[in-house]
file protein_11.txt (compact mmCIF, C-alpha atoms)
# COMPACT_ATOMS: atom_id res chain seq x y z
CA MET A 11 155.23 101.28 -87.85
CA ALA A 12 158.64 101.33 -86.23
CA ASP A 13 159.86 104.69 -84.95
CA THR A 14 163.41 104.98 -86.26
CA ARG A 15 164.10 108.59 -85.30
CA PRO A 16 167.63 109.00 -83.87
CA ASP A 17 166.28 110.60 -80.67
CA VAL A 18 164.18 107.56 -79.75
CA GLN A 19 165.65 105.97 -76.62
CA ARG A 20 167.20 102.59 -77.24
CA GLU A 21 168.37 99.85 -74.92
CA THR A 22 169.79 96.36 -75.17
CA LEU A 23 167.97 93.16 -74.25
CA PRO A 24 169.00 89.50 -74.40
CA LEU A 25 166.84 87.81 -77.04
CA PHE A 26 164.93 84.54 -77.08
CA PRO A 27 163.87 83.71 -80.68
CA LEU A 28 160.93 81.33 -80.53
CA GLN A 29 158.30 79.74 -82.73
CA THR A 30 155.56 81.64 -80.95
CA VAL A 31 154.51 85.21 -80.12
CA LEU A 32 154.40 86.54 -76.58
CA LEU A 33 151.67 89.13 -75.92
CA PRO A 34 151.91 91.79 -73.19
CA GLY A 35 150.26 90.82 -69.92
CA THR A 36 150.16 87.12 -70.76
CA SER A 37 152.23 84.22 -69.47
CA LEU A 38 154.63 81.98 -71.37
CA PRO A 39 156.12 78.82 -69.79
CA LEU A 40 159.50 77.84 -71.24
CA HIS A 41 161.64 74.73 -71.00
CA VAL A 42 165.29 75.74 -71.49
CA PHE A 43 167.80 73.15 -72.61
CA GLU A 44 170.43 74.72 -74.90
CA PRO A 45 173.68 75.74 -73.11
CA ARG A 46 173.67 79.39 -74.18
CA TYR A 47 170.13 79.89 -72.92
CA ARG A 48 170.91 78.07 -69.72
CA GLN A 49 173.56 80.75 -69.35
CA LEU A 50 171.00 83.47 -70.06
CA THR A 51 168.76 81.99 -67.36
CA ALA A 52 171.66 82.01 -64.91
CA ASP A 53 172.44 85.64 -65.80
CA LEU A 54 168.80 86.60 -65.26
CA LEU A 55 168.77 84.90 -61.88
CA THR A 56 172.04 86.39 -60.64
CA GLY A 57 171.30 89.93 -61.79
CA ALA A 58 173.96 89.98 -64.50
CA VAL A 59 171.00 90.83 -66.74
CA PRO A 60 169.06 93.55 -64.90
CA ASP A 61 165.41 93.31 -63.86
CA ARG A 62 165.16 89.67 -64.97
CA THR A 63 164.05 91.02 -68.36
CA PHE A 64 164.70 89.63 -71.83
CA GLY A 65 163.08 89.94 -75.25
CA VAL A 66 160.99 87.36 -77.11
CA VAL A 67 160.89 87.59 -80.91
CA ALA A 68 159.12 85.22 -83.28
CA LEU A 69 161.03 83.33 -85.94
CA ARG A 70 160.04 84.09 -89.52
CA SER A 71 160.55 80.46 -90.53
CA PRO A 72 160.42 77.24 -88.49
CA LEU A 73 163.14 75.88 -90.79
CA LEU A 74 165.83 78.25 -89.52
CA ARG A 75 168.71 76.45 -87.85
CA GLU A 76 170.39 79.60 -86.51
CA VAL A 77 169.40 83.23 -85.98
CA ASP A 78 172.18 85.60 -86.91
CA GLU A 79 170.47 88.27 -89.03
CA LEU A 80 167.70 90.75 -88.35
CA ASN A 81 165.54 89.40 -91.16
CA HIS A 82 165.45 85.96 -89.54
CA VAL A 83 162.94 87.19 -86.94
CA HIS A 84 159.95 89.51 -86.71
CA THR A 85 161.20 92.91 -85.59
CA ILE A 86 158.26 93.67 -83.29
CA GLY A 87 158.70 91.64 -80.12
CA CYS A 88 157.72 91.62 -76.47
CA ALA A 89 159.88 92.09 -73.40
CA ALA A 90 159.39 89.36 -70.81
CA ARG A 91 160.10 89.13 -67.10
CA LEU A 92 161.38 85.92 -65.56
CA GLU A 93 158.98 85.16 -62.71
CA GLU A 94 160.21 81.75 -61.59
CA ALA A 95 162.93 79.30 -62.60
CA LYS A 96 162.92 75.65 -61.59
CA PRO A 97 166.36 74.06 -62.09
CA LEU A 98 166.40 70.45 -63.24
CA PRO A 99 169.10 67.89 -62.34
CA ASP A 100 170.79 67.92 -65.76
CA GLY A 101 171.12 71.72 -65.97
CA ARG A 102 167.91 72.44 -67.81
CA TYR A 103 165.30 74.88 -66.46
CA ASP A 104 161.54 75.20 -66.44
CA LEU A 105 160.69 78.91 -66.53
CA THR A 106 157.59 80.95 -65.85
CA THR A 107 157.60 84.30 -67.68
CA THR A 108 155.22 87.22 -68.20
CA GLY A 109 154.97 89.58 -71.18
CA LEU A 110 155.66 93.21 -70.24
CA ARG A 111 155.77 95.58 -73.20
CA ARG A 112 156.38 95.65 -76.93
CA PHE A 113 159.57 96.76 -78.60
CA VAL A 114 161.03 97.39 -82.02
CA LEU A 115 164.16 95.36 -82.73
CA HIS A 116 166.75 97.47 -84.58
CA ASP A 117 169.83 95.27 -84.52
CA ILE A 118 171.14 91.88 -83.37
CA ASP A 119 174.54 91.35 -81.75
CA THR A 120 175.77 87.76 -82.07
CA ARG A 121 179.21 88.26 -80.48
CA SER A 122 178.98 90.07 -77.15
CA ALA A 123 177.46 87.16 -75.21
CA PRO A 124 176.82 83.43 -75.63
CA TYR A 125 173.20 84.35 -76.44
CA LEU A 126 171.78 86.99 -78.79
CA ILE A 127 171.64 90.64 -77.73
CA GLY A 128 169.17 93.01 -79.38
CA THR A 129 169.11 96.79 -79.65
CA VAL A 130 165.49 97.77 -79.10
CA SER A 131 163.20 100.75 -78.54
CA ARG A 132 159.86 100.75 -76.79
CA LEU A 133 156.68 100.59 -78.92
CA ASP A 134 153.64 102.02 -77.14
CA ASP A 135 150.00 101.99 -78.16
CA LEU A 136 148.40 105.00 -79.78
CA PRO A 137 146.13 106.95 -77.41
CA LEU A 138 142.59 105.59 -77.25
CA ALA A 139 141.22 109.13 -77.57
CA GLY A 140 143.16 109.54 -80.78
CA GLU A 141 140.83 107.06 -82.48
CA SER A 142 137.92 109.50 -82.22
CA ASP A 143 137.45 113.27 -82.13
CA ASP A 144 135.23 112.79 -79.09
CA ASP A 145 136.77 111.26 -75.95
CA GLU A 146 133.39 110.17 -74.61
CA ALA A 147 132.50 108.56 -77.92
CA ALA A 148 135.81 106.70 -77.93
CA GLU A 149 135.20 105.34 -74.43
CA ASP A 150 131.65 104.31 -75.36
CA ALA A 151 132.91 102.53 -78.47
CA ALA A 152 135.58 100.77 -76.40
CA SER A 153 132.96 99.59 -73.89
CA ARG A 154 130.66 98.20 -76.59
CA LEU A 155 133.52 96.53 -78.40
CA GLY A 156 134.78 95.05 -75.15
CA ASP A 157 131.36 93.49 -74.52
CA LEU A 158 131.36 91.98 -78.01
CA ALA A 159 134.89 90.62 -77.57
CA ARG A 160 134.03 89.08 -74.20
CA ALA A 161 130.97 87.43 -75.76
CA ALA A 162 133.16 86.03 -78.54
CA HIS A 163 135.59 84.76 -75.90
CA ARG A 164 132.75 82.96 -74.10
CA ARG A 165 131.67 81.31 -77.36
CA TYR A 166 135.21 80.20 -78.06
CA CYS A 167 135.74 78.76 -74.58
CA ASP A 168 132.38 76.95 -74.70
CA ALA A 169 133.35 75.40 -78.03
CA ALA A 170 136.99 74.66 -77.19
CA TRP A 171 136.86 73.35 -73.62
CA PRO A 172 133.28 73.25 -72.29
CA GLU A 173 134.23 71.02 -69.37
CA GLU A 174 136.91 73.37 -68.05
CA GLY A 175 134.98 76.62 -67.84
CA ARG A 176 136.54 79.92 -68.81
CA ARG A 177 138.94 82.47 -67.41
CA THR A 178 137.44 85.92 -67.65
CA PRO A 179 139.55 89.10 -67.34
CA PRO A 180 138.37 91.52 -64.63
CA SER A 181 135.57 93.88 -65.64
CA ASP A 182 137.79 96.95 -65.25
CA THR A 183 140.48 95.69 -67.66
CA ASP A 184 141.39 98.46 -70.11
CA PRO A 185 140.71 97.81 -73.84
CA ALA A 186 144.38 97.67 -74.75
CA THR A 187 145.12 94.92 -72.23
CA LEU A 188 141.79 93.14 -72.76
CA SER A 189 142.61 92.38 -76.38
CA TYR A 190 145.78 90.54 -75.39
CA LEU A 191 144.23 88.63 -72.49
CA LEU A 192 141.32 87.35 -74.58
CA ALA A 193 143.61 86.39 -77.47
CA ALA A 194 145.90 84.48 -75.11
CA ASP A 195 143.19 81.84 -74.54
CA CYS A 196 142.82 81.15 -78.26
CA ARG A 197 144.94 78.75 -80.34
CA LEU A 198 145.88 81.24 -83.04
CA PRO A 199 148.44 80.81 -85.82
CA LEU A 200 151.69 82.68 -85.33
CA THR A 201 150.83 85.10 -88.13
CA ASP A 202 147.61 86.16 -86.39
CA ARG A 203 149.32 86.59 -83.03
CA GLN A 204 152.12 88.61 -84.62
CA ALA A 205 149.61 90.89 -86.35
CA LEU A 206 147.91 91.53 -83.00
CA LEU A 207 151.27 92.34 -81.42
CA GLU A 208 152.06 94.82 -84.17
CA GLN A 209 148.70 96.61 -84.07
CA ARG A 210 149.16 99.85 -82.11
CA ALA A 211 145.53 101.04 -82.12
CA PRO A 212 143.65 99.45 -79.18
CA LEU A 213 140.14 99.44 -80.68
CA PRO A 214 141.06 97.91 -84.06
CA ARG A 215 143.11 95.32 -82.16
CA LEU A 216 140.15 94.47 -79.92
CA ARG A 217 137.91 94.32 -83.00
CA GLU A 218 140.35 91.90 -84.66
CA VAL A 219 140.47 89.72 -81.53
CA CYS A 220 136.67 89.56 -81.62
CA ARG A 221 136.78 88.45 -85.26
CA LEU A 222 139.45 85.82 -84.59
CA LEU A 223 137.64 84.39 -81.57
CA ASN A 224 134.41 84.10 -83.54
CA ARG A 225 136.29 82.45 -86.40
CA GLU A 226 137.99 79.92 -84.16
CA ALA A 227 134.78 79.22 -82.22
CA GLY A 228 133.11 78.44 -85.54
CA PHE A 229 135.90 76.05 -86.48
CA ARG A 230 135.69 74.27 -83.13
CA SER A 231 131.92 73.92 -83.32
CA LEU A 232 132.04 72.72 -86.91
CA LEU A 233 134.63 70.07 -86.20
CA ARG A 234 133.12 69.19 -82.82
CA ALA A 235 136.69 68.93 -81.58
CA VAL A 236 138.07 69.73 -78.18
CA PRO A 237 141.73 70.85 -78.50
CA THR A 238 144.30 68.71 -76.76
CA SER A 239 147.56 70.06 -75.40
CA LEU A 240 149.90 71.07 -78.17
CA PRO A 241 153.23 69.25 -78.29
CA ASP A 242 156.18 71.27 -77.06
CA MET A 243 157.60 73.29 -79.92
CA ASP A 244 161.34 73.00 -80.08
CA GLY A 245 162.72 76.52 -80.28
CA GLY A 246 166.21 75.10 -80.62
CA THR A 247 166.68 76.84 -83.95
CA GLY A 248 168.62 79.51 -82.11
CA ALA A 249 166.28 79.51 -79.12
CA GLY A 250 167.15 76.54 -76.96
CA ALA A 251 163.70 76.33 -75.43
CA ALA A 252 160.51 74.40 -75.80
CA VAL A 253 157.34 76.43 -75.42
CA SER A 254 154.24 75.39 -73.54
CA LEU A 255 151.18 77.33 -74.65
CA ASN A 256 148.13 77.89 -72.45

call {"tool": "encode", "arguments": {"input": "protein_11.txt", "output": "structure tokens"}}
result
Amino acid sequence: MADTRPDVQRETLPLFPLQTVLLPGTSLPLHVFEPRYRQLTADLLTGAVPDRTFGVVALRSPLLREVDELNHVHTIGCAARLEEAKPLPDGRYDLTTTGLRRFVLHDIDTRSAPYLIGTVSRLDDLPLAGESDDDEAAEDAASRLGDLARAAHRRYCDAAWPEEGRRTPPSDTDPATLSYLLAADCRLPLTDRQALLEQRAPLPRLREVCRLLNREAGFRSLLRAVPTSLPDMDGGTGAGAAVSLN
């Protein structure tokens, strides 16, 4: 999947290893407490790190105490933009961030800064038209699949939090983005979210989101359980942040 050709443009990004997966176009609140990631937050705010952008990569094991090798994390991650930072009296921060784009992580630098620095290259989706010999047929298939995925999303929301209603993406949302936005509302295991992040073909990704939403809606209905807020997940195994999921 990763494009490792030498002519592929690479850049460096500060890294946040976490016990979750950030999807493009979705939000991720973070609570930062470890000193090195307080420093990263300060560098993002002052412009020492340009564009308030850093990379989120998922840990391969929740048992890791420190990330210092490439194989400690999944190598497909998501760049994030810091939208807002609320400083707390003891030096911690509450952050609001948004997923921007996917990247391939090629290398990790543990020495150049207090926090991790990754060498990355951008990972774009495959063209929608490339999934069919007929552009019109591809668009028609995307429209039908989008309707099915939205219906699955409604079923999931009705089963998971019937009292709260649902948040529906705008009708003109493109299929590539729609898959991420619908998945963001669902309490999916890390492995499922990572697989969605790694899928470069928009229609198969939307089809998989539809399947996952239907699966989770079935679980919720069967158990007659309304999900409560998940406890903060301590990303301190090299991350220094707790994650609040939607």

call {"tool": "residues_around", "arguments": {"input": "protein_11.txt", "residues": "Leu216 in chain A", "least_positions_apart": "2", "cutoff": "10 Å", "atoms": "all atoms listed in the file", "output": "number ranges by chain"}}
result
A: 152, 155-156, 158-160, 185-190, 192-193, 206, 209, 211-214, 218-222

call {"tool": "atom_distance", "arguments": {"input": "protein_11.txt", "atom1": "CA of Ala95 in chain A", "atom2": "CA of Leu32 in chain A"}}
result
17.9 Å

call {"tool": "closest_residue", "arguments": {"input": "protein_11.txt", "among": "A:Thr30, A:Ser153, A:Thr183, A:Thr36", "to": "Arg217 in chain A", "atoms": "all atoms listed in the file"}}
result
A:Ser153

call {"tool": "closest_residue", "arguments": {"input": "protein_11.txt", "among": "A:Asp100, A:Glu146, A:Asp53, A:Asp134", "to": "Cys88 in chain A", "atoms": "all atoms listed in the file"}}
result
A:Asp134

call {"tool": "atom_distance", "arguments": {"input": "protein_11.txt", "atom1": "CA of Arg197 in chain A", "atom2": "CA of Ala169 in chain A"}}
result
12.3 Å

call {"tool": "closest_residue", "arguments": {"input": "protein_11.txt", "among": "A:Gly101, A:Gly35, A:Pro199, A:Pro179", "to": "His163 in chain A", "atoms": "all atoms listed in the file"}}
result
A:Pro179

call {"tool": "closest_residue", "arguments": {"input": "protein_11.txt", "among": "A:Val83, A:Asn224, A:Leu25, A:Asp119", "to": "Ala161 in chain A", "atoms": "all atoms listed in the file"}}
result
A:Asn224

call {"tool": "atom_distance", "arguments": {"input": "protein_11.txt", "atom1": "CA of Ile86 in chain A", "atom2": "CA of Leu207 in chain A"}}
result
7.4 Å

call {"tool": "closest_residue", "arguments": {"input": "protein_11.txt", "among": "A:Arg62, A:Glu208, A:Leu74, A:Ala89", "to": "Asp135 in chain A", "atoms": "only C-alpha atoms"}}
result
A:Glu208

call {"tool": "closest_residue", "arguments": {"input": "protein_11.txt", "among": "A:Arg20, A:Arg48, A:Arg132, A:Arg154", "to": "Lys96 in chain A", "atoms": "only C-alpha atoms"}}
result
A:Arg48

call {"tool": "residues_near_point", "arguments": {"input": "protein_11.txt", "point": "(152.8, 94.5, -69.6)", "cutoff": "6 Å", "atoms": "all atoms listed in the file", "output": "PyMOL selection string"}}
result
chain A and resi 34-35+109-111

call {"tool": "residues_around", "arguments": {"input": "protein_11.txt", "residues": "Gly228 in chain A", "least_positions_apart": "4", "cutoff": "9 Å", "atoms": "all atoms listed in the file", "output": "PyMOL selection string"}}
result
chain A and resi 165-166+169+223-224+232-233

call {"tool": "decode", "arguments": {"input": "protein_11.txt", "residues": "range 94-118 of chain A", "atoms": "N, CA, C and O atoms", "output": "short mmCIF file (atom, residue, chain, number, x, y, z; two decimals), in the first residue's frame"}}
result
data_model
loop_
_atom_site.label_atom_id
_atom_site.label_comp_id
_atom_site.auth_asym_id
_atom_site.auth_seq_id
_atom_site.Cartn_x
_atom_site.Cartn_y
_atom_site.Cartn_z
N GLU A 94 -7.83 24.42 18.70
CA GLU A 94 -7.96 25.22 19.92
C GLU A 94 -7.21 24.53 21.05
O GLU A 94 -7.19 23.30 21.13
N ALA A 95 -6.57 25.32 21.88
CA ALA A 95 -5.86 24.79 23.05
C ALA A 95 -6.27 25.58 24.28
O ALA A 95 -6.17 26.82 24.31
N LYS A 96 -6.75 24.87 25.29
CA LYS A 96 -7.14 25.51 26.54
C LYS A 96 -6.10 25.16 27.60
O LYS A 96 -6.01 24.01 28.04
N PRO A 97 -5.27 26.13 28.00
CA PRO A 97 -4.27 25.83 29.04
C PRO A 97 -4.93 25.66 30.40
O PRO A 97 -5.88 26.36 30.74
N LEU A 98 -4.41 24.74 31.18
CA LEU A 98 -4.91 24.48 32.52
C LEU A 98 -3.87 24.98 33.54
O LEU A 98 -2.68 25.12 33.20
N PRO A 99 -4.27 25.25 34.77
CA PRO A 99 -3.36 25.89 35.74
C PRO A 99 -2.06 25.14 35.98
O PRO A 99 -1.03 25.76 36.25
N ASP A 100 -2.06 23.81 35.89
CA ASP A 100 -0.86 23.05 36.21
C ASP A 100 -0.01 22.74 34.98
O ASP A 100 0.90 21.91 35.04
N GLY A 101 -0.28 23.40 33.85
CA GLY A 101 0.55 23.20 32.66
C GLY A 101 -0.01 22.22 31.66
O GLY A 101 0.53 22.08 30.56
N ARG A 102 -1.08 21.52 32.03
CA ARG A 102 -1.72 20.63 31.08
C ARG A 102 -2.54 21.44 30.07
O ARG A 102 -2.78 22.62 30.25
N TYR A 103 -2.99 20.75 29.00
CA TYR A 103 -3.82 21.40 27.99
C TYR A 103 -4.99 20.50 27.62
O TYR A 103 -4.85 19.27 27.58
N ASP A 104 -6.12 21.12 27.31
CA ASP A 104 -7.21 20.45 26.62
C ASP A 104 -7.20 20.96 25.18
O ASP A 104 -7.27 22.17 24.94
N LEU A 105 -7.09 20.03 24.23
CA LEU A 105 -6.95 20.39 22.82
C LEU A 105 -8.17 19.96 22.02
O LEU A 105 -8.78 18.94 22.29
N THR A 106 -8.48 20.76 21.01
CA THR A 106 -9.43 20.37 19.98
C THR A 106 -8.67 20.24 18.68
O THR A 106 -7.97 21.18 18.27
N THR A 107 -8.75 19.09 18.03
CA THR A 107 -8.00 18.85 16.79
C THR A 107 -8.92 18.28 15.72
O THR A 107 -9.97 17.71 16.01
N THR A 108 -8.49 18.42 14.46
CA THR A 108 -9.25 17.91 13.32
C THR A 108 -8.32 17.13 12.40
O THR A 108 -7.21 17.58 12.09
N GLY A 109 -8.78 15.96 11.95
CA GLY A 109 -8.02 15.15 11.01
C GLY A 109 -7.98 15.80 9.63
O GLY A 109 -9.02 16.25 9.13
N LEU A 110 -6.82 15.83 9.00
CA LEU A 110 -6.65 16.49 7.72
C LEU A 110 -6.48 15.50 6.56
O LEU A 110 -7.27 15.48 5.63
N ARG A 111 -5.43 14.71 6.62
CA ARG A 111 -5.09 13.84 5.49
C ARG A 111 -4.27 12.67 6.02
O ARG A 111 -3.63 12.75 7.06
N ARG A 112 -4.24 11.61 5.25
CA ARG A 112 -3.47 10.42 5.63
C ARG A 112 -2.01 10.54 5.20
O ARG A 112 -1.68 11.28 4.27
N PHE A 113 -1.19 9.80 5.88
CA PHE A 113 0.22 9.74 5.49
C PHE A 113 0.77 8.34 5.74
O PHE A 113 0.20 7.54 6.49
N VAL A 114 1.89 8.08 5.06
CA VAL A 114 2.69 6.88 5.32
C VAL A 114 3.87 7.29 6.18
O VAL A 114 4.57 8.26 5.85
N LEU A 115 4.07 6.61 7.28
CA LEU A 115 5.20 6.89 8.16
C LEU A 115 6.38 6.01 7.74
O LEU A 115 6.29 4.79 7.75
N HIS A 116 7.50 6.67 7.38
CA HIS A 116 8.68 5.94 6.89
C HIS A 116 9.74 5.76 7.96
O HIS A 116 10.49 4.79 7.93
N ASP A 117 9.82 6.72 8.88
CA ASP A 117 10.90 6.66 9.87
C ASP A 117 10.51 7.49 11.09
O ASP A 117 9.68 8.40 10.98
N ILE A 118 11.09 7.14 12.24
CA ILE A 118 10.86 7.88 13.48
C ILE A 118 12.19 8.39 14.01
O ILE A 118 13.16 7.64 14.12
#
